[in-house]
>>> print(open('coords_18.cif').read())   # mmCIF, C-alpha atoms and all ligand atoms
data_query
loop_
_atom_site.label_atom_id
_atom_site.label_comp_id
_atom_site.auth_asym_id
_atom_site.auth_seq_id
_atom_site.Cartn_x
_atom_site.Cartn_y
_atom_site.Cartn_z
CA MET A 11 -105.73 60.00 18.19
CA LYS A 12 -108.34 62.04 20.02
CA ILE A 13 -107.53 63.25 23.55
CA ILE A 14 -110.09 65.03 25.69
CA ASN A 15 -108.41 67.57 27.96
CA VAL A 16 -110.33 68.66 31.05
CA VAL A 17 -110.23 71.98 32.88
CA GLY A 18 -112.54 73.18 35.61
CA ALA A 19 -111.04 75.50 38.18
CA ARG A 20 -108.63 78.43 38.06
CA PRO A 21 -105.37 76.53 38.73
CA ASN A 22 -106.14 74.13 35.86
CA PHE A 23 -105.92 76.83 33.21
CA MET A 24 -102.18 77.52 33.62
CA LYS A 25 -101.56 73.76 33.42
CA ILE A 26 -103.55 73.06 30.27
CA ALA A 27 -102.31 76.12 28.31
CA PRO A 28 -98.84 74.75 27.44
CA LEU A 29 -100.29 71.34 26.54
CA MET A 30 -102.76 72.87 24.09
CA ALA A 31 -99.82 74.75 22.55
CA ALA A 32 -97.61 71.64 22.40
CA TYR A 33 -100.31 69.59 20.63
CA LYS A 34 -99.92 71.96 17.67
CA ASN A 35 -96.59 70.28 16.93
CA ALA A 36 -98.12 66.81 17.17
CA PRO A 37 -100.55 66.47 14.24
CA ALA A 38 -101.26 62.85 15.19
CA ILE A 39 -103.13 64.13 18.24
CA GLN A 40 -106.57 65.68 17.93
CA PRO A 41 -107.12 67.58 21.19
CA VAL A 42 -110.61 68.39 22.46
CA LEU A 43 -110.92 70.84 25.35
CA VAL A 44 -113.74 70.41 27.87
CA HIS A 45 -114.44 73.00 30.60
CA THR A 46 -116.57 71.61 33.43
CA GLY A 47 -117.60 75.10 34.55
CA GLN A 48 -116.51 74.47 38.16
CA HIS A 49 -115.20 78.03 38.08
CA TYR A 50 -117.29 80.40 35.99
CA ASP A 51 -116.73 84.04 37.06
CA GLU A 52 -115.00 86.21 34.44
CA ARG A 53 -112.07 86.79 36.82
CA MET A 54 -111.82 83.12 37.79
CA SER A 55 -112.05 81.70 34.27
CA ASP A 56 -112.51 83.66 30.99
CA LEU A 57 -109.76 86.16 31.78
CA PHE A 58 -107.26 83.29 32.01
CA PHE A 59 -108.33 81.84 28.66
CA ARG A 60 -107.72 85.21 26.99
CA GLN A 61 -104.43 86.01 28.73
CA LEU A 62 -102.96 82.53 28.25
CA GLY A 63 -104.22 82.10 24.67
CA ILE A 64 -106.13 78.92 25.51
CA PRO A 65 -108.53 78.00 22.71
CA GLN A 66 -112.25 78.19 23.50
CA PRO A 67 -113.41 74.88 24.95
CA GLN A 68 -115.41 72.77 22.48
CA VAL A 69 -117.70 71.87 25.38
CA ASN A 70 -118.62 73.69 28.61
CA LEU A 71 -120.52 71.50 31.04
CA GLY A 72 -121.59 74.58 33.03
CA VAL A 73 -121.88 72.78 36.36
CA GLY A 74 -121.01 75.71 38.66
CA SER A 75 -120.72 75.56 42.45
CA GLY A 76 -122.20 73.08 44.90
CA SER A 77 -121.34 70.76 47.77
CA HIS A 78 -118.53 68.31 47.01
CA ALA A 79 -120.96 65.49 46.33
CA ALA A 80 -123.31 67.60 44.22
CA GLN A 81 -120.53 69.22 42.21
CA THR A 82 -118.66 65.96 41.59
CA ALA A 83 -121.85 64.11 40.65
CA GLN A 84 -123.00 66.86 38.30
CA ILE A 85 -119.66 66.89 36.50
CA MET A 86 -119.79 63.10 36.11
CA THR A 87 -123.35 63.10 34.81
CA ALA A 88 -122.62 65.88 32.34
CA PHE A 89 -119.27 64.45 31.17
CA GLU A 90 -120.42 60.90 30.45
CA PRO A 91 -122.51 61.70 27.33
CA ILE A 92 -119.65 63.83 25.98
CA LEU A 93 -117.29 60.86 26.21
CA LEU A 94 -119.82 58.52 24.62
CA GLU A 95 -120.26 60.94 21.74
CA GLN A 96 -116.61 61.92 21.24
CA LYS A 97 -115.10 58.42 21.73
CA PRO A 98 -111.58 59.63 22.55
CA GLN A 99 -108.53 57.37 22.98
CA ALA A 100 -107.67 59.12 26.23
CA VAL A 101 -108.82 61.69 28.77
CA LEU A 102 -106.19 63.98 30.25
CA VAL A 103 -106.83 65.62 33.63
CA VAL A 104 -104.60 68.03 35.56
CA GLY A 105 -104.15 68.88 39.21
CA ASP A 106 -106.39 67.91 42.09
CA VAL A 107 -109.73 69.70 41.90
CA ASN A 108 -113.17 68.09 41.89
CA SER A 109 -113.26 68.26 38.09
CA THR A 110 -110.08 66.13 37.99
CA ILE A 111 -111.45 63.12 39.86
CA ALA A 112 -114.99 63.46 38.46
CA CYS A 113 -113.88 63.26 34.82
CA GLY A 114 -111.22 60.66 35.64
CA LEU A 115 -113.81 58.32 37.13
CA VAL A 116 -116.12 58.66 34.14
CA ALA A 117 -113.25 57.92 31.74
CA VAL A 118 -112.01 54.71 33.37
CA LYS A 119 -115.54 53.34 33.83
CA LEU A 120 -116.03 53.69 30.07
CA GLY A 121 -112.71 51.97 29.39
CA VAL A 122 -110.99 55.15 28.19
CA LYS A 123 -107.33 55.59 29.13
CA LEU A 124 -106.71 58.21 31.81
CA VAL A 125 -103.70 60.53 31.90
CA HIS A 126 -102.95 62.54 35.05
CA VAL A 127 -100.68 65.56 34.86
CA GLU A 128 -99.25 66.62 38.24
CA ALA A 129 -99.51 63.12 39.68
CA GLY A 130 -98.09 61.74 42.92
CA LEU A 131 -98.22 64.86 45.09
CA ARG A 132 -99.18 64.00 48.68
CA SER A 133 -99.64 66.26 51.67
CA GLY A 134 -100.42 63.29 53.92
CA ASP A 135 -103.45 65.27 55.12
CA ARG A 136 -106.68 63.47 54.24
CA THR A 137 -108.83 66.29 55.60
CA MET A 138 -107.89 68.25 52.46
CA PRO A 139 -110.40 67.58 49.67
CA GLU A 140 -107.55 67.87 47.15
CA GLU A 141 -105.60 65.05 48.85
CA ILE A 142 -108.54 62.68 48.32
CA ASN A 143 -108.84 63.83 44.70
CA ARG A 144 -105.10 63.20 44.17
CA LEU A 145 -105.07 59.74 45.76
CA LEU A 146 -108.11 58.55 43.82
CA THR A 147 -107.09 60.02 40.46
CA ASP A 148 -103.63 58.47 40.68
CA ALA A 149 -105.07 55.08 41.66
CA ILE A 150 -107.06 54.87 38.40
CA SER A 151 -104.69 56.58 35.94
CA ASP A 152 -102.86 54.79 33.12
CA LEU A 153 -100.14 57.40 32.61
CA LEU A 154 -98.92 59.60 35.46
CA PHE A 155 -96.75 62.66 34.94
CA CYS A 156 -94.88 64.02 37.96
CA THR A 157 -93.43 67.45 38.67
CA GLU A 158 -90.91 66.43 41.33
CA PRO A 159 -89.12 63.30 42.58
CA ALA A 160 -91.30 63.03 45.72
CA GLY A 161 -94.27 62.39 43.41
CA VAL A 162 -92.50 59.45 41.80
CA GLU A 163 -91.59 58.05 45.23
CA ASN A 164 -95.14 58.41 46.56
CA LEU A 165 -96.56 56.53 43.60
CA ALA A 166 -93.98 53.73 43.97
CA ARG A 167 -94.92 53.42 47.66
CA GLU A 168 -98.59 53.14 46.69
CA GLY A 169 -97.78 50.34 44.27
CA VAL A 170 -98.21 52.17 40.96
CA PRO A 171 -96.06 50.32 38.37
CA ALA A 172 -92.97 52.33 37.44
CA GLU A 173 -93.64 52.02 33.70
CA LYS A 174 -96.73 54.21 34.07
CA VAL A 175 -94.87 57.05 35.85
CA PHE A 176 -92.79 59.82 34.26
CA LEU A 177 -90.92 62.70 35.86
CA VAL A 178 -91.38 65.48 33.30
CA GLY A 179 -91.22 68.78 35.19
CA ASN A 180 -93.94 71.31 35.76
CA VAL A 181 -96.45 72.53 33.16
CA MET A 182 -97.48 75.44 35.39
CA ILE A 183 -93.87 76.62 35.28
CA ASP A 184 -93.94 76.32 31.46
CA THR A 185 -96.72 78.93 31.55
CA LEU A 186 -94.92 81.15 34.03
CA LEU A 187 -91.68 81.23 32.04
CA LYS A 188 -93.55 81.88 28.81
CA ASN A 189 -95.43 84.85 30.30
CA ARG A 190 -92.78 86.28 32.60
CA GLN A 191 -91.67 89.04 30.21
CA GLN A 192 -95.17 89.99 29.15
CA ALA A 193 -96.24 90.27 32.79
CA GLU A 194 -93.69 93.05 33.23
CA ASP A 195 -95.97 95.25 31.10
CA SER A 196 -98.77 94.98 33.66
CA PRO A 197 -99.44 98.36 35.30
CA ILE A 198 -100.59 96.74 38.56
CA LEU A 199 -97.79 98.11 40.79
CA GLU A 200 -98.48 101.70 39.71
CA GLN A 201 -102.22 101.17 40.00
CA LEU A 202 -101.81 100.05 43.61
CA SER A 203 -98.98 102.52 44.37
CA LEU A 204 -96.62 99.68 45.29
CA GLN A 205 -92.84 99.76 45.08
CA SER A 206 -90.86 96.75 43.95
CA GLU A 207 -89.73 94.58 46.90
CA ARG A 208 -91.57 96.80 49.38
CA TYR A 209 -94.82 94.90 49.79
CA ALA A 210 -96.18 91.42 50.48
CA VAL A 211 -98.79 89.46 48.50
CA LEU A 212 -101.36 87.39 50.37
CA THR A 213 -103.74 84.69 49.14
CA LEU A 214 -106.08 82.59 51.29
CA HIS A 215 -108.79 80.21 50.19
CA ARG A 216 -108.28 76.77 51.81
CA PRO A 217 -111.39 75.63 53.70
CA ALA A 218 -109.13 74.76 56.69
CA ASN A 219 -108.08 78.43 56.90
CA VAL A 220 -111.10 80.42 55.85
CA ASP A 221 -114.13 78.31 56.82
CA ASP A 222 -113.35 78.37 60.56
CA PRO A 223 -113.55 81.91 62.05
CA ALA A 224 -111.15 80.91 64.87
CA VAL A 225 -108.40 79.92 62.42
CA PHE A 226 -109.14 82.84 60.09
CA GLY A 227 -109.07 85.18 63.11
CA GLY A 228 -105.65 83.84 64.15
CA LEU A 229 -104.31 84.52 60.67
CA LEU A 230 -105.68 88.05 60.85
CA SER A 231 -103.73 88.60 64.09
CA ALA A 232 -100.49 87.80 62.28
CA LEU A 233 -101.48 90.00 59.34
CA GLU A 234 -102.35 92.90 61.66
CA ALA A 235 -98.74 92.88 62.89
CA ILE A 236 -97.11 92.36 59.47
CA GLN A 237 -99.02 95.12 57.66
CA LYS A 238 -97.76 97.68 60.18
CA ASP A 239 -94.31 96.95 58.81
CA LEU A 240 -94.92 96.05 55.15
CA PRO A 241 -97.94 96.83 52.93
CA ILE A 242 -99.93 93.71 52.04
CA VAL A 243 -101.98 93.28 48.87
CA PHE A 244 -104.69 90.65 49.10
CA PRO A 245 -106.48 89.50 45.90
CA ILE A 246 -109.43 87.81 47.52
CA HIS A 247 -110.94 84.49 46.38
CA PRO A 248 -114.77 84.48 46.16
CA ARG A 249 -114.99 81.77 48.82
CA THR A 250 -112.91 83.84 51.25
CA MET A 251 -114.92 86.96 50.47
CA ARG A 252 -118.16 85.14 51.15
CA ASN A 253 -116.89 83.80 54.49
CA LEU A 254 -115.56 87.17 55.51
CA SER A 255 -118.86 88.89 54.80
CA ALA A 256 -120.73 86.21 56.76
CA SER A 257 -118.51 86.54 59.86
CA ASN A 258 -117.62 89.44 62.13
CA LEU A 259 -114.02 89.42 60.83
CA ALA A 260 -114.61 91.91 58.00
CA GLY A 261 -114.29 94.82 60.45
CA ARG A 262 -110.78 93.70 61.42
CA ILE A 263 -109.70 93.74 57.77
CA GLU A 264 -111.18 97.22 57.31
CA LYS A 265 -109.13 98.50 60.25
CA MET A 266 -105.82 97.37 58.71
CA SER A 267 -104.79 100.51 56.89
CA ASN A 268 -101.86 98.84 55.12
CA LEU A 269 -103.73 95.76 53.90
CA ARG A 270 -105.28 96.29 50.50
CA LEU A 271 -108.10 94.00 49.42
CA ILE A 272 -108.48 93.67 45.64
CA GLU A 273 -110.60 91.52 43.30
CA PRO A 274 -109.13 88.19 42.12
CA ALA A 275 -106.24 89.21 39.86
CA GLY A 276 -105.72 88.04 36.29
CA TYR A 277 -102.72 85.87 35.46
CA LEU A 278 -100.40 88.62 34.22
CA ASP A 279 -101.16 91.06 37.03
CA PHE A 280 -100.72 88.35 39.63
CA LEU A 281 -97.45 87.18 38.12
CA LYS A 282 -96.12 90.72 38.22
CA LEU A 283 -97.31 91.13 41.81
CA MET A 284 -95.51 87.94 42.87
CA ALA A 285 -92.34 88.63 40.91
CA HIS A 286 -91.81 92.01 42.57
CA ALA A 287 -92.96 91.13 46.09
CA ARG A 288 -90.66 91.12 49.10
CA LEU A 289 -92.57 88.07 50.24
CA VAL A 290 -95.68 86.02 49.53
CA LEU A 291 -98.01 84.60 52.16
CA THR A 292 -100.31 81.87 50.84
CA ASP A 293 -102.21 78.67 51.41
CA SER A 294 -102.24 77.83 47.69
CA GLY A 295 -100.40 74.84 46.26
CA GLY A 296 -99.38 76.34 42.94
CA ILE A 297 -98.10 79.60 44.38
CA GLN A 298 -95.49 77.67 46.39
CA GLU A 299 -94.12 76.52 43.04
CA GLU A 300 -94.42 79.88 41.30
CA THR A 301 -92.54 81.69 44.10
CA THR A 302 -89.88 78.98 43.96
CA ILE A 303 -89.14 79.67 40.30
CA LEU A 304 -89.24 83.44 40.97
CA ARG A 305 -87.00 82.89 44.04
CA VAL A 306 -89.36 85.09 46.09
CA PRO A 307 -89.59 84.09 49.78
CA CYS A 308 -92.91 82.34 50.47
CA LEU A 309 -94.53 81.59 53.82
CA THR A 310 -97.05 78.79 53.37
CA LEU A 311 -99.89 79.19 55.86
CA ARG A 312 -100.56 75.46 56.13
CA GLU A 313 -99.26 72.66 58.34
CA ASN A 314 -97.98 70.58 55.42
CA THR A 315 -97.21 70.67 51.73
CA GLU A 316 -97.67 68.20 48.90
CA ARG A 317 -94.86 70.02 47.09
CA PRO A 318 -91.83 69.36 49.33
CA ILE A 319 -89.27 70.38 46.71
CA THR A 320 -90.38 74.01 47.11
CA ALA A 321 -89.21 73.93 50.74
CA GLN A 322 -86.17 71.66 50.24
CA PHE A 323 -84.86 73.47 47.17
CA GLY A 324 -86.95 76.57 46.71
CA SER A 325 -87.84 79.70 48.64
CA ASN A 326 -90.80 78.21 50.54
CA ARG A 327 -91.28 77.74 54.30
CA ILE A 328 -94.18 75.83 55.79
CA VAL A 329 -95.29 77.87 58.80
CA GLY A 330 -98.91 76.86 59.52
CA ALA A 331 -101.73 79.17 60.59
CA ASP A 332 -100.60 80.05 64.12
CA PRO A 333 -99.43 83.68 64.52
CA GLU A 334 -96.80 82.49 67.03
CA ASN A 335 -95.07 80.68 64.16
CA ILE A 336 -95.87 83.10 61.34
CA LEU A 337 -94.36 86.20 62.94
CA PRO A 338 -90.88 84.77 63.75
CA ALA A 339 -90.73 83.30 60.21
CA TYR A 340 -91.72 86.70 58.82
CA ARG A 341 -88.90 88.41 60.76
CA GLN A 342 -86.40 85.83 59.53
CA VAL A 343 -87.43 86.39 55.92
CA MET A 344 -87.10 90.16 56.34
CA SER A 345 -83.59 89.83 57.73
CA GLY A 346 -82.56 87.55 54.82
CA PRO A 347 -82.00 88.20 51.12
CA PRO A 348 -84.98 89.31 48.99
CA ARG A 349 -84.38 86.48 46.53
CA THR A 350 -83.47 83.00 47.66
CA GLY A 351 -83.52 79.26 46.89
CA GLN A 352 -82.76 77.12 43.86
CA ILE A 353 -84.73 76.01 40.82
CA PRO A 354 -85.85 72.35 40.87
CA PRO A 355 -84.66 70.06 38.08
CA LEU A 356 -86.77 70.02 34.89
CA TRP A 357 -88.66 73.20 35.79
CA ASP A 358 -87.36 74.63 32.54
CA GLY A 359 -90.39 75.53 30.44
CA HIS A 360 -90.47 72.27 28.44
CA ALA A 361 -92.64 69.94 30.53
CA ALA A 362 -95.59 70.00 28.10
CA GLN A 363 -93.37 69.03 25.18
CA ARG A 364 -92.05 66.07 27.18
CA ILE A 365 -95.58 65.00 28.03
CA VAL A 366 -96.78 65.16 24.42
CA LYS A 367 -93.77 63.14 23.25
CA ILE A 368 -94.57 60.40 25.79
CA LEU A 369 -98.28 60.46 24.87
CA LEU A 370 -97.34 59.84 21.23
CA GLU A 371 -95.15 56.91 22.22
CA LYS A 372 -97.42 55.27 24.80
CA LEU A 373 -101.00 55.75 23.68
C1 LIG B 401 -111.25 74.96 44.12
C2 LIG B 401 -110.44 73.68 44.34
C3 LIG B 401 -109.12 74.01 45.02
C4 LIG B 401 -108.37 75.08 44.27
C5 LIG B 401 -109.27 76.29 44.11
C6 LIG B 401 -108.59 77.40 43.35
C7 LIG B 401 -111.73 71.65 44.76
C8 LIG B 401 -112.15 70.69 45.78
N1 LIG B 401 -111.16 72.75 45.20
O1 LIG B 401 -111.58 75.49 45.40
O2 LIG B 401 -108.33 72.84 45.06
O3 LIG B 401 -107.21 75.41 44.99
O4 LIG B 401 -110.45 75.89 43.39
O5 LIG B 401 -109.41 78.53 43.27
O6 LIG B 401 -111.93 71.40 43.59
N2 LIG B 401 -117.07 80.77 43.44
C9 LIG B 401 -117.41 81.91 42.78
N3 LIG B 401 -117.06 82.03 41.46
C10 LIG B 401 -116.41 81.06 40.79
C11 LIG B 401 -116.07 79.89 41.47
C12 LIG B 401 -116.40 79.75 42.79
O7 LIG B 401 -118.00 82.81 43.35
O8 LIG B 401 -116.12 81.24 39.59
C13 LIG B 401 -117.41 80.64 44.88
C14 LIG B 401 -118.71 79.95 45.13
O9 LIG B 401 -119.30 80.55 46.21
C15 LIG B 401 -118.30 78.55 45.49
C16 LIG B 401 -116.98 78.79 46.19
O10 LIG B 401 -116.40 79.89 45.52
O11 LIG B 401 -119.22 77.90 46.27
C17 LIG B 401 -116.05 77.62 46.16
O12 LIG B 401 -115.80 77.20 44.82
P1 LIG B 401 -115.34 75.68 44.54
O13 LIG B 401 -115.07 75.50 43.11
O14 LIG B 401 -116.29 74.74 45.18
O15 LIG B 401 -114.01 75.55 45.37
P2 LIG B 401 -112.77 76.53 45.58
O16 LIG B 401 -112.77 76.96 46.98
O17 LIG B 401 -112.71 77.56 44.51
#
>>> encode(input="coords_18.cif", output="structure tokens", more="lines below")
Ligand code: UD1
Amino acid sequence: MKIINVVGARPNFMKIAPLMAAYKNAPAIQPVLVHTGQHYDERMSDLFFRQLGIPQPQVNLGVGSGSHAAQTAQIMTAFEPILLEQKPQAVLVVGDVNSTIACGLVAVKLGVKLVHVEAGLRSGDRTMPEEINRLLTDAISDLLFCTEPAGVENLAREGVPAEKVFLVGNVMIDTLLKNRQQAEDSPILEQLSLQSERYAVLTLHRPANVDDPAVFGGLLSALEAIQKDLPIVFPIHPRTMRNLSASNLAGRIEKMSNLRLIEPAGYLDFLKLMAHARLVLTDSGGIQEETTILRVPCLTLRENTERPITAQFGSNRIVGADPENILPAYRQVMSGPPRTGQIPPLWDGHAAQRIVKILLEKL
């Protein structure tokens, strides 16, 4: 049984790695890995393949960046001939990036079964491109694997038949638990002269936060205050870097003597940075989950989350982008314990094995 597995953007790599490893114990499955090329920089792509031991993709579509329409269309046009040639029994997509929906659409139109890993997550915010990608991918998938109970409930509410939906845990957490020890060997804290539990990690890349200078400027006001108290390390996404350079906000960053801008970090360095942080500030989806398993306090700089279990169970707080809300939440975190929250059910490092077992039964 041939399964084409699709990756495209940075957060996909941690999700596909444990599946590629689990297929090794399922000789009935012949996995083929396709990289769309949505992310292509060494530090956004190749580094993750090496660190996570992901096999080289058999095919790289090399689509690169573009507007949503252009990128999605290019992925579809490039993926269709691959499917026609490979004739797989199924296509497996992960997460919520443009590569996910683009390859999903091509698969179902050619009558190939579609498997979605990390299904059912909903922020309720349709201005997020990822929310549209999630809704559409789930609507056309044949097997849907969820990380948390809210995902299962969302799919039931949208009328997805229960027999297609499986709560299996979190493949990204499989990768984190597998690499947790190895990440301790990363020299990143010494390189940046940081002391364990005496710094914050920041990531920002959502269009809603970094494309609008007014919102980005508001976030910088909060960061200006926080960095006076606690050093902040900021691995900067290329999109954020580009926006910063194009606006007059770069000068404000330069003036913050305790905020350290660094290149996008590799997986192991970033895991070590998170694991030893006093707190993480982020607008990422996946980092809300990673800080939950590490029990590191996380302030999510968005108005909503598609991963509610991280706030109900885990160490996450949804604080939005307004400094008036961020600063009181920051002070509360600093007056609380450095490690907090509980681990969600099934986030135990074995999600990929559960998925492969179900694929063998159902496909
Ligand atoms: C994409 C995903 C987002 C995910 C994020 C993680 C969509 C709609 N968005 O957003 O869900 O959280 O990846 O990083 O799929 N660029 C580079 N080098 C690269 C890749 C991108 O310089 O290797 C720059 C380009 O200027 C590009 C911009 O980043 O135009 C945005 O890249 P794109 O893939 O369109 O979206 P992300 O913002 O990375």
>>> residues_near_ligand(input="coords_18.cif", ligand="ligand LIG 401 (chain B)", cutoff="6 Å", atoms="all atoms listed in the file", output="number ranges by chain")
A: 19-21, 48-51, 54, 75-76, 107-108, 139-140, 248-249
>>> closest_residue(input="coords_18.cif", among="A:Gly114, A:Gly261, A:Gly330, A:Gly295", to="Met86 (chain A)", atoms="all atoms listed in the file")
A:Gly114
>>> axis_aligned_box(input="coords_18.cif", around="region 334-350 of chain A", padding_each_side="6 Å", output="lines of an AutoDock Vina configuration file")
center_x = -89.4
center_y = 85.4
center_z = 56.8
size_x = 26.8
size_y = 21.5
size_z = 32.5
>>> closest_residue(input="coords_18.cif", among="A:Lys25, A:Lys12, A:Lys282, A:Arg312", to="Arg216 (chain A)", atoms="only C-alpha atoms")
A:Arg312
>>> closest_atom_pairs(input="coords_18.cif", of="region 312-367 of chain A", to="region 223-245 of chain A", cutoff="9 Å", atoms="all atoms listed in the file", output="Markdown table")
| residue | atom | partner | partner_atom | distance |
| --- | --- | --- | --- | --- |
| A:Ala331 | CA | A:Leu229 | CA | 5.9 |
| A:Asp332 | CA | A:Gly228 | CA | 6.3 |
| A:Pro333 | CA | A:Ala232 | CA | 4.8 |
| A:Glu334 | CA | A:Ala232 | CA | 8.0 |
| A:Ile336 | CA | A:Ala232 | CA | 6.7 |
| A:Leu337 | CA | A:Ala232 | CA | 6.4 |
| A:Tyr340 | CA | A:Ile236 | CA | 7.8 |
>>> write_last_selection(input="coords_18.cif", atoms="C-alpha atoms", output="short mmCIF file (atom, residue, chain, number, x, y, z; two decimals), keeping the file's coordinate frame")
data_model
loop_
_atom_site.label_atom_id
_atom_site.label_comp_id
_atom_site.auth_asym_id
_atom_site.auth_seq_id
_atom_site.Cartn_x
_atom_site.Cartn_y
_atom_site.Cartn_z
CA ALA A 331 -101.73 79.17 60.59
CA ASP A 332 -100.60 80.05 64.12
CA PRO A 333 -99.43 83.68 64.52
CA GLU A 334 -96.80 82.49 67.03
CA ILE A 336 -95.87 83.10 61.34
CA LEU A 337 -94.36 86.20 62.94
CA TYR A 340 -91.72 86.70 58.82
#
>>> residues_around(input="coords_18.cif", residues="Arg327 (chain A)", least_positions_apart="4", cutoff="10 Å", atoms="all atoms listed in the file", output="list in words")
Leu291, Gln298, Pro307, Cys308, Leu309, Thr310, Leu311, Arg312, Asn314, Thr315, Pro318, Thr320, Ala321, Gln322, Ile336, Ala339 and Val343 of chain A
>>> residues_around(input="coords_18.cif", residues="Ile272 (chain A)", least_positions_apart="3", cutoff="12 Å", atoms="only C-alpha atoms", output="PDB file with C-alpha atoms, keeping the file's coordinate frame")
ATOM      1  CA  ARG A  53    -112.070  86.790  36.820  1.00  0.00           C
ATOM      2  CA  ILE A 198    -100.590  96.740  38.560  1.00  0.00           C
ATOM      3  CA  GLN A 201    -102.220 101.170  40.000  1.00  0.00           C
ATOM      4  CA  LEU A 202    -101.810 100.050  43.610  1.00  0.00           C
ATOM      5  CA  VAL A 211     -98.790  89.460  48.500  1.00  0.00           C
ATOM      6  CA  LEU A 212    -101.360  87.390  50.370  1.00  0.00           C
ATOM      7  CA  THR A 213    -103.740  84.690  49.140  1.00  0.00           C
ATOM      8  CA  ILE A 242     -99.930  93.710  52.040  1.00  0.00           C
ATOM      9  CA  VAL A 243    -101.980  93.280  48.870  1.00  0.00           C
ATOM     10  CA  PHE A 244    -104.690  90.650  49.100  1.00  0.00           C
ATOM     11  CA  PRO A 245    -106.480  89.500  45.900  1.00  0.00           C
ATOM     12  CA  ILE A 246    -109.430  87.810  47.520  1.00  0.00           C
ATOM     13  CA  HIS A 247    -110.940  84.490  46.380  1.00  0.00           C
ATOM     14  CA  PRO A 248    -114.770  84.480  46.160  1.00  0.00           C
ATOM     15  CA  MET A 251    -114.920  86.960  50.470  1.00  0.00           C
ATOM     16  CA  LEU A 269    -103.730  95.760  53.900  1.00  0.00           C
ATOM     17  CA  ALA A 275    -106.240  89.210  39.860  1.00  0.00           C
ATOM     18  CA  GLY A 276    -105.720  88.040  36.290  1.00  0.00           C
ATOM     19  CA  ASP A 279    -101.160  91.060  37.030  1.00  0.00           C
ATOM     20  CA  PHE A 280    -100.720  88.350  39.630  1.00  0.00           C
TER      21      PHE A 280
END
>>> residues_near_point(input="coords_18.cif", point="(-120.6, 71.0, 40.6)", cutoff="12 Å", atoms="all atoms listed in the file", output="number ranges by chain")
A: 18-19, 45-50, 71-89, 107-110, 112-113
>>> residues_around(input="coords_18.cif", residues="region 26-35 of chain A", least_positions_apart="3", cutoff="8 Å", atoms="all atoms listed in the file", output="list in words")
Asn15, Val17, Asn22, Phe23, Ile39, Gln40, Pro41, Leu62, Gly63, Ile64, Pro65, Val104, Val181, Asp184, Thr185, Ala362, Gln363 and Val366 of chain A
>>> atom_distance(input="coords_18.cif", atom1="CA of Thr250 (chain A)", atom2="CA of His215 (chain A)")
5.6 Å
>>> atom_distance(input="coords_18.cif", atom1="CA of Met266 (chain A)", atom2="CA of Glu207 (chain A)")
20.2 Å
>>> residues_around(input="coords_18.cif", residues="Pro67 (chain A)", least_positions_apart="5", cutoff="8 Å", atoms="only C-alpha atoms", output="PyMOL selection string")
chain A and resi 42-45
>>> residues_around(input="coords_18.cif", residues="region 350-357 of chain A", least_positions_apart="5", cutoff="10 Å", atoms="all atoms listed in the file", output="ChimeraX atom specification")
/A:157-159,177-184,187,299,301-308,319-326,343
>>> atom_distance(input="coords_18.cif", atom1="CA of Pro197 (chain A)", atom2="CA of Glu273 (chain A)")
15.3 Å
>>> build_atoms(input="coords_18.cif", residues="region 171-178 of chain A", atoms="N, CA, C and O atoms", output="PDB file, in the frame of the given file")
ATOM      1  N   PRO A 171     -97.197  50.844  39.137  1.00  0.00           N
ATOM      2  CA  PRO A 171     -96.060  50.320  38.370  1.00  0.00           C
ATOM      3  C   PRO A 171     -95.214  51.434  37.769  1.00  0.00           C
ATOM      4  O   PRO A 171     -95.753  52.397  37.212  1.00  0.00           O
ATOM      5  N   ALA A 172     -93.890  51.273  37.868  1.00  0.00           N
ATOM      6  CA  ALA A 172     -92.970  52.330  37.440  1.00  0.00           C
ATOM      7  C   ALA A 172     -93.131  52.686  35.975  1.00  0.00           C
ATOM      8  O   ALA A 172     -92.907  53.835  35.581  1.00  0.00           O
ATOM      9  N   GLU A 173     -93.561  51.711  35.144  1.00  0.00           N
ATOM     10  CA  GLU A 173     -93.640  52.020  33.700  1.00  0.00           C
ATOM     11  C   GLU A 173     -94.781  52.975  33.351  1.00  0.00           C
ATOM     12  O   GLU A 173     -94.856  53.479  32.241  1.00  0.00           O
ATOM     13  N   LYS A 174     -95.663  53.234  34.321  1.00  0.00           N
ATOM     14  CA  LYS A 174     -96.730  54.210  34.070  1.00  0.00           C
ATOM     15  C   LYS A 174     -96.337  55.635  34.456  1.00  0.00           C
ATOM     16  O   LYS A 174     -97.082  56.581  34.212  1.00  0.00           O
ATOM     17  N   VAL A 175     -95.188  55.782  35.151  1.00  0.00           N
ATOM     18  CA  VAL A 175     -94.870  57.050  35.850  1.00  0.00           C
ATOM     19  C   VAL A 175     -93.696  57.747  35.167  1.00  0.00           C
ATOM     20  O   VAL A 175     -92.674  57.111  34.880  1.00  0.00           O
ATOM     21  N   PHE A 176     -93.839  59.051  34.934  1.00  0.00           N
ATOM     22  CA  PHE A 176     -92.790  59.820  34.260  1.00  0.00           C
ATOM     23  C   PHE A 176     -92.553  61.140  34.991  1.00  0.00           C
ATOM     24  O   PHE A 176     -93.505  61.884  35.244  1.00  0.00           O
ATOM     25  N   LEU A 177     -91.297  61.397  35.280  1.00  0.00           N
ATOM     26  CA  LEU A 177     -90.920  62.700  35.860  1.00  0.00           C
ATOM     27  C   LEU A 177     -90.628  63.643  34.693  1.00  0.00           C
ATOM     28  O   LEU A 177     -89.673  63.440  33.951  1.00  0.00           O
ATOM     29  N   VAL A 178     -91.480  64.644  34.519  1.00  0.00           N
ATOM     30  CA  VAL A 178     -91.380  65.480  33.300  1.00  0.00           C
ATOM     31  C   VAL A 178     -91.176  66.956  33.593  1.00  0.00           C
ATOM     32  O   VAL A 178     -90.971  67.746  32.678  1.00  0.00           O
TER      33      VAL A 178
END
